[in-house]
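Colleague: Structure: protein.pdb, PDB, C-alpha atoms and all ligand atoms.
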```pdb
ATOM      1  CA  MET G  12      42.551  60.802 -77.151  1.00  0.00           C
ATOM      2  CA  ARG G  13      42.371  57.835 -79.518  1.00  0.00           C
ATOM      3  CA  ILE G  14      41.439  54.240 -78.749  1.00  0.00           C
ATOM      4  CA  VAL G  15      43.514  51.446 -80.236  1.00  0.00           C
ATOM      5  CA  PHE G  16      41.835  48.061 -80.013  1.00  0.00           C
ATOM      6  CA  ALA G  17      44.329  45.234 -79.484  1.00  0.00           C
ATOM      7  CA  THR G  18      42.783  42.630 -81.752  1.00  0.00           C
ATOM      8  CA  GLY G  19      43.511  41.004 -85.055  1.00  0.00           C
ATOM      9  CA  ASN G  20      39.991  39.513 -85.234  1.00  0.00           C
ATOM     10  CA  GLU G  21      37.880  41.332 -87.837  1.00  0.00           C
ATOM     11  CA  GLY G  22      34.602  39.848 -86.511  1.00  0.00           C
ATOM     12  CA  LYS G  23      35.257  41.338 -83.079  1.00  0.00           C
ATOM     13  CA  MET G  24      36.358  44.658 -84.590  1.00  0.00           C
ATOM     14  CA  ARG G  25      33.045  44.994 -86.518  1.00  0.00           C
ATOM     15  CA  GLU G  26      31.066  44.515 -83.313  1.00  0.00           C
ATOM     16  CA  ILE G  27      33.330  46.839 -81.327  1.00  0.00           C
ATOM     17  CA  ARG G  28      32.791  49.671 -83.831  1.00  0.00           C
ATOM     18  CA  GLY G  29      29.024  49.107 -83.653  1.00  0.00           C
ATOM     19  CA  ILE G  30      29.007  49.245 -79.865  1.00  0.00           C
ATOM     20  CA  LEU G  31      31.554  52.034 -79.201  1.00  0.00           C
ATOM     21  CA  GLY G  32      30.600  54.122 -82.241  1.00  0.00           C
ATOM     22  CA  GLY G  33      28.598  56.553 -80.106  1.00  0.00           C
ATOM     23  CA  LEU G  34      31.513  57.340 -77.801  1.00  0.00           C
ATOM     24  CA  GLY G  35      32.821  60.065 -80.113  1.00  0.00           C
ATOM     25  CA  ALA G  36      36.414  58.796 -79.893  1.00  0.00           C
ATOM     26  CA  GLU G  37      38.498  57.630 -82.814  1.00  0.00           C
ATOM     27  CA  ILE G  38      38.620  53.828 -82.717  1.00  0.00           C
ATOM     28  CA  LEU G  39      41.472  52.168 -84.558  1.00  0.00           C
ATOM     29  CA  SER G  40      42.329  48.522 -85.062  1.00  0.00           C
ATOM     30  CA  MET G  41      45.978  47.533 -84.486  1.00  0.00           C
ATOM     31  CA  LYS G  42      46.397  47.375 -88.239  1.00  0.00           C
ATOM     32  CA  GLU G  43      44.989  50.894 -88.719  1.00  0.00           C
ATOM     33  CA  ALA G  44      47.268  52.201 -85.953  1.00  0.00           C
ATOM     34  CA  GLY G  45      50.253  50.563 -87.678  1.00  0.00           C
ATOM     35  CA  VAL G  46      50.938  48.293 -84.684  1.00  0.00           C
ATOM     36  CA  ASP G  47      52.295  44.905 -85.575  1.00  0.00           C
ATOM     37  CA  GLY G  48      53.197  42.121 -83.159  1.00  0.00           C
ATOM     38  CA  ASP G  49      51.960  38.928 -81.618  1.00  0.00           C
ATOM     39  CA  ILE G  50      51.304  38.924 -77.879  1.00  0.00           C
ATOM     40  CA  GLU G  51      51.461  35.511 -76.219  1.00  0.00           C
ATOM     41  CA  GLU G  52      48.179  34.863 -74.373  1.00  0.00           C
ATOM     42  CA  ASN G  53      49.618  32.854 -71.490  1.00  0.00           C
ATOM     43  CA  GLY G  54      47.108  33.768 -68.783  1.00  0.00           C
ATOM     44  CA  THR G  55      44.649  31.330 -67.213  1.00  0.00           C
ATOM     45  CA  THR G  56      41.475  33.446 -67.345  1.00  0.00           C
ATOM     46  CA  PHE G  57      39.715  35.686 -69.874  1.00  0.00           C
ATOM     47  CA  SER G  58      40.475  38.713 -67.684  1.00  0.00           C
ATOM     48  CA  GLU G  59      44.183  37.903 -67.390  1.00  0.00           C
ATOM     49  CA  ASN G  60      44.527  37.348 -71.125  1.00  0.00           C
ATOM     50  CA  SER G  61      42.738  40.565 -72.051  1.00  0.00           C
ATOM     51  CA  MET G  62      45.055  42.520 -69.703  1.00  0.00           C
ATOM     52  CA  ILE G  63      48.134  40.763 -71.170  1.00  0.00           C
ATOM     53  CA  LYS G  64      47.030  41.846 -74.672  1.00  0.00           C
ATOM     54  CA  ALA G  65      46.251  45.443 -73.633  1.00  0.00           C
ATOM     55  CA  ARG G  66      49.584  45.866 -71.783  1.00  0.00           C
ATOM     56  CA  GLY G  67      51.513  44.214 -74.619  1.00  0.00           C
ATOM     57  CA  VAL G  68      50.073  46.486 -77.282  1.00  0.00           C
ATOM     58  CA  TYR G  69      50.478  49.586 -75.089  1.00  0.00           C
ATOM     59  CA  GLU G  70      54.196  48.712 -74.735  1.00  0.00           C
ATOM     60  CA  LEU G  71      54.552  48.266 -78.519  1.00  0.00           C
ATOM     61  CA  ILE G  72      53.016  51.702 -79.113  1.00  0.00           C
ATOM     62  CA  LYS G  73      55.155  53.315 -76.397  1.00  0.00           C
ATOM     63  CA  ASN G  74      58.356  51.803 -77.785  1.00  0.00           C
ATOM     64  CA  ALA G  75      57.506  52.963 -81.291  1.00  0.00           C
ATOM     65  CA  ASP G  76      56.329  56.492 -80.389  1.00  0.00           C
ATOM     66  CA  ALA G  77      56.307  57.640 -76.753  1.00  0.00           C
ATOM     67  CA  LYS G  78      54.414  60.840 -77.639  1.00  0.00           C
ATOM     68  CA  ALA G  79      51.610  58.986 -79.427  1.00  0.00           C
ATOM     69  CA  ALA G  80      51.315  56.675 -76.398  1.00  0.00           C
ATOM     70  CA  GLN G  81      50.466  59.718 -74.243  1.00  0.00           C
ATOM     71  CA  GLU G  82      47.328  60.171 -76.330  1.00  0.00           C
ATOM     72  CA  THR G  83      46.296  56.544 -76.649  1.00  0.00           C
ATOM     73  CA  ILE G  84      44.005  54.271 -74.680  1.00  0.00           C
ATOM     74  CA  VAL G  85      44.549  50.613 -75.513  1.00  0.00           C
ATOM     75  CA  LEU G  86      41.592  48.270 -75.149  1.00  0.00           C
ATOM     76  CA  ALA G  87      41.705  44.492 -75.548  1.00  0.00           C
ATOM     77  CA  ASP G  88      39.077  41.766 -75.637  1.00  0.00           C
ATOM     78  CA  ASP G  89      39.572  38.158 -74.593  1.00  0.00           C
ATOM     79  CA  SER G  90      36.515  36.038 -75.154  1.00  0.00           C
ATOM     80  CA  GLY G  91      35.295  32.536 -75.784  1.00  0.00           C
ATOM     81  CA  LEU G  92      32.655  29.868 -75.501  1.00  0.00           C
ATOM     82  CA  GLU G  93      32.124  27.730 -72.376  1.00  0.00           C
ATOM     83  CA  VAL G  94      30.137  24.526 -72.937  1.00  0.00           C
ATOM     84  CA  ASP G  95      29.016  23.094 -69.595  1.00  0.00           C
ATOM     85  CA  TYR G  96      28.766  19.473 -70.818  1.00  0.00           C
ATOM     86  CA  LEU G  97      32.410  19.711 -72.025  1.00  0.00           C
ATOM     87  CA  ASN G  98      33.684  20.980 -68.657  1.00  0.00           C
ATOM     88  CA  LYS G  99      33.619  24.561 -69.962  1.00  0.00           C
ATOM     89  CA  GLU G 100      35.704  23.769 -73.079  1.00  0.00           C
ATOM     90  CA  PRO G 101      36.855  25.391 -75.296  1.00  0.00           C
ATOM     91  CA  GLY G 102      36.920  28.406 -72.894  1.00  0.00           C
ATOM     92  CA  ILE G 103      40.073  30.506 -73.143  1.00  0.00           C
ATOM     93  CA  TYR G 104      41.229  28.165 -75.929  1.00  0.00           C
ATOM     94  CA  SER G 105      38.245  29.002 -78.182  1.00  0.00           C
ATOM     95  CA  ALA G 106      40.356  30.537 -80.976  1.00  0.00           C
ATOM     96  CA  ARG G 107      42.972  27.763 -80.659  1.00  0.00           C
ATOM     97  CA  TYR G 108      40.447  24.869 -80.452  1.00  0.00           C
ATOM     98  CA  MET G 109      41.405  22.146 -83.026  1.00  0.00           C
ATOM     99  CA  GLY G 110      44.100  24.554 -84.290  1.00  0.00           C
ATOM    100  CA  ARG G 111      43.819  28.243 -85.172  1.00  0.00           C
ATOM    101  CA  ASP G 112      43.656  27.539 -88.897  1.00  0.00           C
ATOM    102  CA  THR G 113      40.867  24.957 -88.700  1.00  0.00           C
ATOM    103  CA  SER G 114      37.645  26.329 -90.190  1.00  0.00           C
ATOM    104  CA  TYR G 115      34.715  27.206 -87.928  1.00  0.00           C
ATOM    105  CA  THR G 116      32.549  24.808 -89.927  1.00  0.00           C
ATOM    106  CA  GLU G 117      34.829  22.013 -88.654  1.00  0.00           C
ATOM    107  CA  LYS G 118      35.078  23.386 -85.124  1.00  0.00           C
ATOM    108  CA  ASN G 119      31.316  23.875 -84.883  1.00  0.00           C
ATOM    109  CA  ASN G 120      30.520  20.438 -86.312  1.00  0.00           C
ATOM    110  CA  ASN G 121      32.988  18.870 -83.894  1.00  0.00           C
ATOM    111  CA  ILE G 122      31.238  20.437 -80.876  1.00  0.00           C
ATOM    112  CA  ILE G 123      27.841  19.294 -82.183  1.00  0.00           C
ATOM    113  CA  GLU G 124      29.228  15.755 -82.583  1.00  0.00           C
ATOM    114  CA  ARG G 125      30.636  15.746 -79.059  1.00  0.00           C
ATOM    115  CA  LEU G 126      27.150  16.618 -77.805  1.00  0.00           C
ATOM    116  CA  ASN G 127      25.423  13.977 -79.903  1.00  0.00           C
ATOM    117  CA  GLY G 128      22.419  12.584 -78.000  1.00  0.00           C
ATOM    118  CA  VAL G 129      22.756  15.114 -75.142  1.00  0.00           C
ATOM    119  CA  PRO G 130      19.330  16.596 -74.255  1.00  0.00           C
ATOM    120  CA  ASP G 131      18.725  20.360 -74.452  1.00  0.00           C
ATOM    121  CA  GLU G 132      18.735  20.872 -70.681  1.00  0.00           C
ATOM    122  CA  LYS G 133      22.351  19.629 -70.600  1.00  0.00           C
ATOM    123  CA  ARG G 134      23.490  21.666 -73.629  1.00  0.00           C
ATOM    124  CA  THR G 135      23.852  24.925 -71.681  1.00  0.00           C
ATOM    125  CA  ALA G 136      26.697  27.226 -72.718  1.00  0.00           C
ATOM    126  CA  ARG G 137      27.789  30.832 -72.523  1.00  0.00           C
ATOM    127  CA  PHE G 138      29.946  33.320 -74.319  1.00  0.00           C
ATOM    128  CA  VAL G 139      32.231  35.300 -72.004  1.00  0.00           C
ATOM    129  CA  CYS G 140      34.056  38.518 -72.842  1.00  0.00           C
ATOM    130  CA  ALA G 141      36.644  40.310 -70.699  1.00  0.00           C
ATOM    131  CA  ILE G 142      37.684  43.808 -71.733  1.00  0.00           C
ATOM    132  CA  SER G 143      40.817  45.466 -70.352  1.00  0.00           C
ATOM    133  CA  ALA G 144      42.074  49.008 -70.778  1.00  0.00           C
ATOM    134  CA  VAL G 145      45.498  50.586 -70.292  1.00  0.00           C
ATOM    135  CA  LEU G 146      45.436  54.391 -69.999  1.00  0.00           C
ATOM    136  CA  PRO G 147      48.350  56.796 -70.630  1.00  0.00           C
ATOM    137  CA  GLY G 148      48.964  57.467 -66.924  1.00  0.00           C
ATOM    138  CA  GLY G 149      49.383  53.717 -66.363  1.00  0.00           C
ATOM    139  CA  LYS G 150      45.899  53.201 -64.935  1.00  0.00           C
ATOM    140  CA  GLU G 151      44.239  49.872 -65.814  1.00  0.00           C
ATOM    141  CA  LEU G 152      40.527  48.996 -65.984  1.00  0.00           C
ATOM    142  CA  SER G 153      38.680  45.681 -66.560  1.00  0.00           C
ATOM    143  CA  THR G 154      35.104  44.599 -67.186  1.00  0.00           C
ATOM    144  CA  ILE G 155      33.462  41.263 -67.980  1.00  0.00           C
ATOM    145  CA  GLY G 156      30.166  40.223 -69.585  1.00  0.00           C
ATOM    146  CA  ASN G 157      28.429  37.021 -70.614  1.00  0.00           C
ATOM    147  CA  MET G 158      25.540  35.723 -72.734  1.00  0.00           C
ATOM    148  CA  GLU G 159      23.765  32.444 -71.898  1.00  0.00           C
ATOM    149  CA  GLY G 160      22.398  29.993 -74.479  1.00  0.00           C
ATOM    150  CA  ILE G 161      22.463  26.358 -75.527  1.00  0.00           C
ATOM    151  CA  ILE G 162      24.429  24.469 -78.168  1.00  0.00           C
ATOM    152  CA  GLY G 163      22.166  23.853 -81.159  1.00  0.00           C
ATOM    153  CA  HIS G 164      21.780  20.573 -83.054  1.00  0.00           C
ATOM    154  CA  LYS G 165      22.945  21.984 -86.372  1.00  0.00           C
ATOM    155  CA  ILE G 166      24.822  24.953 -87.824  1.00  0.00           C
ATOM    156  CA  ALA G 167      22.440  27.841 -88.610  1.00  0.00           C
ATOM    157  CA  GLY G 168      22.941  31.423 -89.782  1.00  0.00           C
ATOM    158  CA  THR G 169      25.651  33.468 -91.471  1.00  0.00           C
ATOM    159  CA  GLY G 170      25.845  36.550 -89.215  1.00  0.00           C
ATOM    160  CA  GLY G 171      28.364  37.162 -86.424  1.00  0.00           C
ATOM    161  CA  PHE G 172      31.515  35.010 -86.504  1.00  0.00           C
ATOM    162  CA  GLY G 173      33.202  32.028 -84.835  1.00  0.00           C
ATOM    163  CA  TYR G 174      30.822  29.837 -82.836  1.00  0.00           C
ATOM    164  CA  ASP G 175      27.695  31.978 -83.436  1.00  0.00           C
ATOM    165  CA  PRO G 176      26.077  29.436 -85.866  1.00  0.00           C
ATOM    166  CA  ILE G 177      25.800  26.796 -83.074  1.00  0.00           C
ATOM    167  CA  PHE G 178      24.904  29.173 -80.226  1.00  0.00           C
ATOM    168  CA  PHE G 179      21.140  28.882 -79.888  1.00  0.00           C
ATOM    169  CA  LEU G 180      19.218  31.595 -78.019  1.00  0.00           C
ATOM    170  CA  PRO G 181      15.957  30.039 -76.717  1.00  0.00           C
ATOM    171  CA  GLN G 182      14.333  33.493 -76.275  1.00  0.00           C
ATOM    172  CA  TYR G 183      14.739  34.199 -80.026  1.00  0.00           C
ATOM    173  CA  GLY G 184      14.321  30.610 -81.290  1.00  0.00           C
ATOM    174  CA  LYS G 185      17.432  31.397 -83.384  1.00  0.00           C
ATOM    175  CA  THR G 186      21.214  31.205 -83.155  1.00  0.00           C
ATOM    176  CA  SER G 187      23.307  34.322 -82.551  1.00  0.00           C
ATOM    177  CA  ALA G 188      24.310  34.036 -86.233  1.00  0.00           C
ATOM    178  CA  GLU G 189      20.630  34.432 -87.253  1.00  0.00           C
ATOM    179  CA  ILE G 190      19.798  37.635 -85.354  1.00  0.00           C
ATOM    180  CA  SER G 191      20.850  41.095 -86.594  1.00  0.00           C
ATOM    181  CA  ALA G 192      24.139  42.691 -85.583  1.00  0.00           C
ATOM    182  CA  ASP G 193      22.245  45.278 -83.502  1.00  0.00           C
ATOM    183  CA  GLU G 194      20.225  42.577 -81.748  1.00  0.00           C
ATOM    184  CA  LYS G 195      23.376  40.633 -80.916  1.00  0.00           C
ATOM    185  CA  ASN G 196      25.207  43.747 -79.654  1.00  0.00           C
ATOM    186  CA  ALA G 197      22.262  44.568 -77.372  1.00  0.00           C
ATOM    187  CA  ILE G 198      22.469  41.235 -75.504  1.00  0.00           C
ATOM    188  CA  SER G 199      25.977  39.918 -76.122  1.00  0.00           C
ATOM    189  CA  HIS G 200      28.864  39.279 -73.753  1.00  0.00           C
ATOM    190  CA  ARG G 201      30.919  41.796 -75.758  1.00  0.00           C
ATOM    191  CA  GLY G 202      28.144  44.397 -75.774  1.00  0.00           C
ATOM    192  CA  LYS G 203      27.754  44.187 -71.995  1.00  0.00           C
ATOM    193  CA  ALA G 204      31.493  44.313 -71.215  1.00  0.00           C
ATOM    194  CA  LEU G 205      32.132  47.138 -73.711  1.00  0.00           C
ATOM    195  CA  ARG G 206      29.234  49.328 -72.558  1.00  0.00           C
ATOM    196  CA  GLU G 207      30.427  48.978 -68.961  1.00  0.00           C
ATOM    197  CA  MET G 208      33.968  49.857 -70.088  1.00  0.00           C
ATOM    198  CA  ALA G 209      32.651  52.880 -72.007  1.00  0.00           C
ATOM    199  CA  GLU G 210      31.044  54.151 -68.762  1.00  0.00           C
ATOM    200  CA  LEU G 211      34.315  53.694 -66.826  1.00  0.00           C
ATOM    201  CA  LEU G 212      36.264  55.508 -69.546  1.00  0.00           C
ATOM    202  CA  LYS G 213      33.769  58.386 -69.647  1.00  0.00           C
ATOM    203  CA  ALA G 214      34.243  58.837 -65.894  1.00  0.00           C
ATOM    204  CA  GLU G 215      38.046  58.730 -66.279  1.00  0.00           C
ATOM    205  CA  LEU G 216      38.073  61.284 -69.092  1.00  0.00           C
ATOM    206  CA  ALA G 217      35.527  63.659 -67.519  1.00  0.00           C
TER
HETATM  207  P1  LIG G 301      42.560  38.538 -80.793  1.00  0.00           P
HETATM  208  O1  LIG G 301      43.307  37.793 -79.705  1.00  0.00           O
HETATM  209  O2  LIG G 301      43.460  39.101 -81.843  1.00  0.00           O
HETATM  210  O3  LIG G 301      41.569  39.533 -80.258  1.00  0.00           O
HETATM  211  P2  LIG G 301      41.279  35.987 -81.240  1.00  0.00           P
HETATM  212  O4  LIG G 301      40.217  35.509 -82.210  1.00  0.00           O
HETATM  213  O5  LIG G 301      42.514  35.142 -81.077  1.00  0.00           O
HETATM  214  O6  LIG G 301      41.648  37.491 -81.621  1.00  0.00           O
HETATM  215  P3  LIG G 301      40.453  35.341 -78.511  1.00  0.00           P
HETATM  216  O7  LIG G 301      41.728  34.691 -78.098  1.00  0.00           O
HETATM  217  O8  LIG G 301      39.779  36.278 -77.547  1.00  0.00           O
HETATM  218  O9  LIG G 301      40.595  36.203 -79.846  1.00  0.00           O
HETATM  219  O10 LIG G 301      39.436  34.194 -78.932  1.00  0.00           O
HETATM  220  C1  LIG G 301      38.100  34.471 -79.066  1.00  0.00           C
HETATM  221  C2  LIG G 301      37.432  33.326 -79.798  1.00  0.00           C
HETATM  222  O11 LIG G 301      36.225  32.997 -79.109  1.00  0.00           O
HETATM  223  C3  LIG G 301      37.024  33.760 -81.176  1.00  0.00           C
HETATM  224  O12 LIG G 301      38.054  33.521 -82.120  1.00  0.00           O
HETATM  225  C4  LIG G 301      35.771  32.912 -81.405  1.00  0.00           C
HETATM  226  O13 LIG G 301      36.140  31.609 -81.762  1.00  0.00           O
HETATM  227  C5  LIG G 301      35.161  32.845 -80.012  1.00  0.00           C
HETATM  228  N1  LIG G 301      34.201  33.944 -79.810  1.00  0.00           N
HETATM  229  C6  LIG G 301      34.348  35.022 -78.981  1.00  0.00           C
HETATM  230  N2  LIG G 301      33.309  35.848 -79.076  1.00  0.00           N
HETATM  231  C7  LIG G 301      32.480  35.312 -79.982  1.00  0.00           C
HETATM  232  C8  LIG G 301      31.248  35.719 -80.526  1.00  0.00           C
HETATM  233  O14 LIG G 301      30.683  36.873 -80.196  1.00  0.00           O
HETATM  234  N3  LIG G 301      30.675  34.930 -81.440  1.00  0.00           N
HETATM  235  C9  LIG G 301      31.253  33.780 -81.820  1.00  0.00           C
HETATM  236  N4  LIG G 301      32.426  33.323 -81.382  1.00  0.00           N
HETATM  237  C10 LIG G 301      33.045  34.091 -80.451  1.00  0.00           C
END
```
Please express what this file holds, its structure, as structure tokens.
Ligand code: ITT
Modeller:
Amino acid sequence: MRIVFATGNEGKMREIRGILGGLGAEILSMKEAGVDGDIEENGTTFSENSMIKARGVYELIKNADAKAAQETIVLADDSGLEVDYLNKEPGIYSARYMGRDTSYTEKNNNIIERLNGVPDEKRTARFVCAISAVLPGGKELSTIGNMEGIIGHKIAGTGGFGYDPIFFLPQYGKTSAEISADEKNAISHRGKALREMAELLKAELA
């Protein structure tokens, strides 16, 4: 059995390999599996969108090679940042916020500006990650995880990706871009959702 991860985001893929590395299964990105295609994320929740991506990529694999599909589990991640003061924006639109091609320096500075003068107790935010799986027999599984923090007052750190440089973790006194990859995986939305998914998959494959 091989796992194909339905993402084109290299930052996610790095974390996914770190977290699922111990599973003993071969983990391939879409690119490595030779799967090409854009799936429209038209759901209204993280869970819906992750399932849309997983089903879409499973279909692409099945249409290209029905035999390979019998030996493939497709996993997909849909994730994002919810800022309470901004009515949970950017939420499911996190990657599309201010346009997909806008740099994260601009996106992050824009969020800091929108929170200008807002005190720390009102800067609460969370990362959310939904993971969905489609198995060869047609069975589907979903998990969800989150990580709470506050929006910082300036960009800090070069680790992680996306909004990590403005996501301040009070318990560390640092942003999630300033802690190590292992530290982030241990507490992150993606780490929690993926470890729970790994348990469900182990039970399915036992
Ligand atoms: P795929 O759909 O190909 O997986 P994507 O980047 O479009 O890639 P999403 O629609 O799930 O993925 O958007 C997730 C966005 O949320 C991501 O691009 C970041 O902006 C943000 N995000 C999610 N998890 C994050 C994390 O751990 N650290 C920082 N930003 C994160």
Colleague: Find the residues of chain G that sit at most 9 Å from ligand LIG 301 (chain G); for each, write down the nearest two atoms and how far apart they are in Å, to one decimal. Count all atoms listed in the file. Sort by chain, then by number going up, and give it as JSON lines.
Modeller:
```
{"residue": "G:Phe16", "atom": "CA", "partner": "G:LIG301", "partner_atom": "O3", "distance": 8.5}
{"residue": "G:Ala17", "atom": "CA", "partner": "G:LIG301", "partner_atom": "O3", "distance": 6.4}
{"residue": "G:Thr18", "atom": "CA", "partner": "G:LIG301", "partner_atom": "O2", "distance": 3.6}
{"residue": "G:Gly19", "atom": "CA", "partner": "G:LIG301", "partner_atom": "O2", "distance": 3.7}
{"residue": "G:Asn20", "atom": "CA", "partner": "G:LIG301", "partner_atom": "O6", "distance": 4.5}
{"residue": "G:Glu21", "atom": "CA", "partner": "G:LIG301", "partner_atom": "O6", "distance": 8.2}
{"residue": "G:Gly22", "atom": "CA", "partner": "G:LIG301", "partner_atom": "O14", "distance": 8.0}
{"residue": "G:Lys23", "atom": "CA", "partner": "G:LIG301", "partner_atom": "O14", "distance": 7.0}
{"residue": "G:Met24", "atom": "CA", "partner": "G:LIG301", "partner_atom": "O3", "distance": 8.5}
{"residue": "G:Glu26", "atom": "CA", "partner": "G:LIG301", "partner_atom": "O14", "distance": 8.3}
{"residue": "G:Asp49", "atom": "CA", "partner": "G:LIG301", "partner_atom": "O2", "distance": 8.5}
{"residue": "G:Ile50", "atom": "CA", "partner": "G:LIG301", "partner_atom": "O1", "distance": 8.3}
{"residue": "G:Glu52", "atom": "CA", "partner": "G:LIG301", "partner_atom": "O7", "distance": 7.5}
{"residue": "G:Phe57", "atom": "CA", "partner": "G:LIG301", "partner_atom": "O8", "distance": 7.7}
{"residue": "G:Asn60", "atom": "CA", "partner": "G:LIG301", "partner_atom": "O7", "distance": 8.0}
{"residue": "G:Ser61", "atom": "CA", "partner": "G:LIG301", "partner_atom": "O8", "distance": 7.6}
{"residue": "G:Lys64", "atom": "CA", "partner": "G:LIG301", "partner_atom": "O1", "distance": 7.5}
{"residue": "G:Ala87", "atom": "CA", "partner": "G:LIG301", "partner_atom": "O3", "distance": 6.8}
{"residue": "G:Asp88", "atom": "CA", "partner": "G:LIG301", "partner_atom": "O3", "distance": 5.7}
{"residue": "G:Asp89", "atom": "CA", "partner": "G:LIG301", "partner_atom": "O8", "distance": 3.5}
{"residue": "G:Ser90", "atom": "CA", "partner": "G:LIG301", "partner_atom": "O8", "distance": 4.1}
{"residue": "G:Gly91", "atom": "CA", "partner": "G:LIG301", "partner_atom": "O11", "distance": 3.5}
{"residue": "G:Leu92", "atom": "CA", "partner": "G:LIG301", "partner_atom": "C5", "distance": 6.0}
{"residue": "G:Pro101", "atom": "CA", "partner": "G:LIG301", "partner_atom": "O11", "distance": 8.5}
{"residue": "G:Gly102", "atom": "CA", "partner": "G:LIG301", "partner_atom": "O11", "distance": 7.8}
{"residue": "G:Ile103", "atom": "CA", "partner": "G:LIG301", "partner_atom": "O7", "distance": 6.7}
{"residue": "G:Tyr104", "atom": "CA", "partner": "G:LIG301", "partner_atom": "O7", "distance": 6.9}
{"residue": "G:Ser105", "atom": "CA", "partner": "G:LIG301", "partner_atom": "O11", "distance": 4.6}
{"residue": "G:Ala106", "atom": "CA", "partner": "G:LIG301", "partner_atom": "O12", "distance": 3.9}
{"residue": "G:Arg107", "atom": "CA", "partner": "G:LIG301", "partner_atom": "O5", "distance": 7.4}
{"residue": "G:Tyr108", "atom": "CA", "partner": "G:LIG301", "partner_atom": "O13", "distance": 8.1}
{"residue": "G:Arg111", "atom": "CA", "partner": "G:LIG301", "partner_atom": "O5", "distance": 8.1}
{"residue": "G:Tyr115", "atom": "CA", "partner": "G:LIG301", "partner_atom": "O13", "distance": 7.7}
{"residue": "G:Lys118", "atom": "CA", "partner": "G:LIG301", "partner_atom": "O13", "distance": 8.9}
{"residue": "G:Phe138", "atom": "CA", "partner": "G:LIG301", "partner_atom": "N2", "distance": 6.4}
{"residue": "G:Val139", "atom": "CA", "partner": "G:LIG301", "partner_atom": "N2", "distance": 7.2}
{"residue": "G:Cys140", "atom": "CA", "partner": "G:LIG301", "partner_atom": "N2", "distance": 6.8}
{"residue": "G:Ala141", "atom": "CA", "partner": "G:LIG301", "partner_atom": "O8", "distance": 8.5}
{"residue": "G:Gly171", "atom": "CA", "partner": "G:LIG301", "partner_atom": "N3", "distance": 5.9}
{"residue": "G:Phe172", "atom": "CA", "partner": "G:LIG301", "partner_atom": "C9", "distance": 4.8}
{"residue": "G:Gly173", "atom": "CA", "partner": "G:LIG301", "partner_atom": "N4", "distance": 3.8}
{"residue": "G:Tyr174", "atom": "CA", "partner": "G:LIG301", "partner_atom": "C9", "distance": 4.1}
{"residue": "G:Asp175", "atom": "CA", "partner": "G:LIG301", "partner_atom": "C9", "distance": 4.3}
{"residue": "G:Pro176", "atom": "CA", "partner": "G:LIG301", "partner_atom": "C9", "distance": 7.9}
{"residue": "G:Ile177", "atom": "CA", "partner": "G:LIG301", "partner_atom": "C9", "distance": 8.9}
{"residue": "G:Phe178", "atom": "CA", "partner": "G:LIG301", "partner_atom": "C9", "distance": 8.0}
{"residue": "G:Ser187", "atom": "CA", "partner": "G:LIG301", "partner_atom": "N3", "distance": 7.5}
{"residue": "G:Ala188", "atom": "CA", "partner": "G:LIG301", "partner_atom": "N3", "distance": 8.0}
{"residue": "G:Lys195", "atom": "CA", "partner": "G:LIG301", "partner_atom": "O14", "distance": 8.2}
{"residue": "G:Asn196", "atom": "CA", "partner": "G:LIG301", "partner_atom": "O14", "distance": 8.8}
{"residue": "G:Ser199", "atom": "CA", "partner": "G:LIG301", "partner_atom": "O14", "distance": 6.9}
{"residue": "G:His200", "atom": "CA", "partner": "G:LIG301", "partner_atom": "O14", "distance": 7.1}
{"residue": "G:Arg201", "atom": "CA", "partner": "G:LIG301", "partner_atom": "O14", "distance": 6.6}
```
Colleague: Given the choices G:Lys99, G:Arg66, G:Arg13, G:Lys213, which gets closest to Arg134 (chain G) if the distance is worked out from only C-alpha atoms?
Modeller: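 Result for the nearest residue to Arg134 (chain G): G:Lys99.
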Colleague: Evaluate the PyMOL selection byres (((chain G and resi 208) around 12) and not hetatm) here and jot the selected residues down as a PyMOL selection string.
Modeller: chain G and resi 27+30-31+34+84-88+140-145+151-156+201-207+209-215
Colleague: Using all atoms listed in the file, which of G:Thr83, G:Asn157, G:Thr56, G:Thr113 sits nearest Leu39 (chain G)?
Modeller: G:Thr83
Colleague: Please determine, counting all atoms listed in the file, which residue among G:Gly163, G:Gly67, G:Gly148, G:Gly110 has the shortest atom-to-atom distance to Asn127 (chain G).
Modeller: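 Result for the nearest residue to Asn127 (chain G): G:Gly163.
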Colleague: Using all atoms listed in the file, which residue out of G:Gly29, G:Asp131, G:Ile14, G:Lys150 lies closest to Glu194 (chain G)?
Modeller: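 Distance minimum relative to Glu194 (chain G) lands on G:Gly29.
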Colleague: Hey, which of G:Asn53, G:Asn98, G:Thr135, G:Thr116 ends up closest to Phe179 (chain G)? Count only C-alpha atoms.
Modeller: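 Looking at the shortest contact to Phe179 (chain G), the residue is G:Thr135.
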Colleague: Check the smallest atom-to-atom distance from each of G:Ala136, G:Tyr69, G:Leu180, G:Lys42 to Glu82 (chain G) using only C-alpha atoms, then report the winner.
Modeller: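 So, comparing all the options, the nearest one is G:Tyr69.
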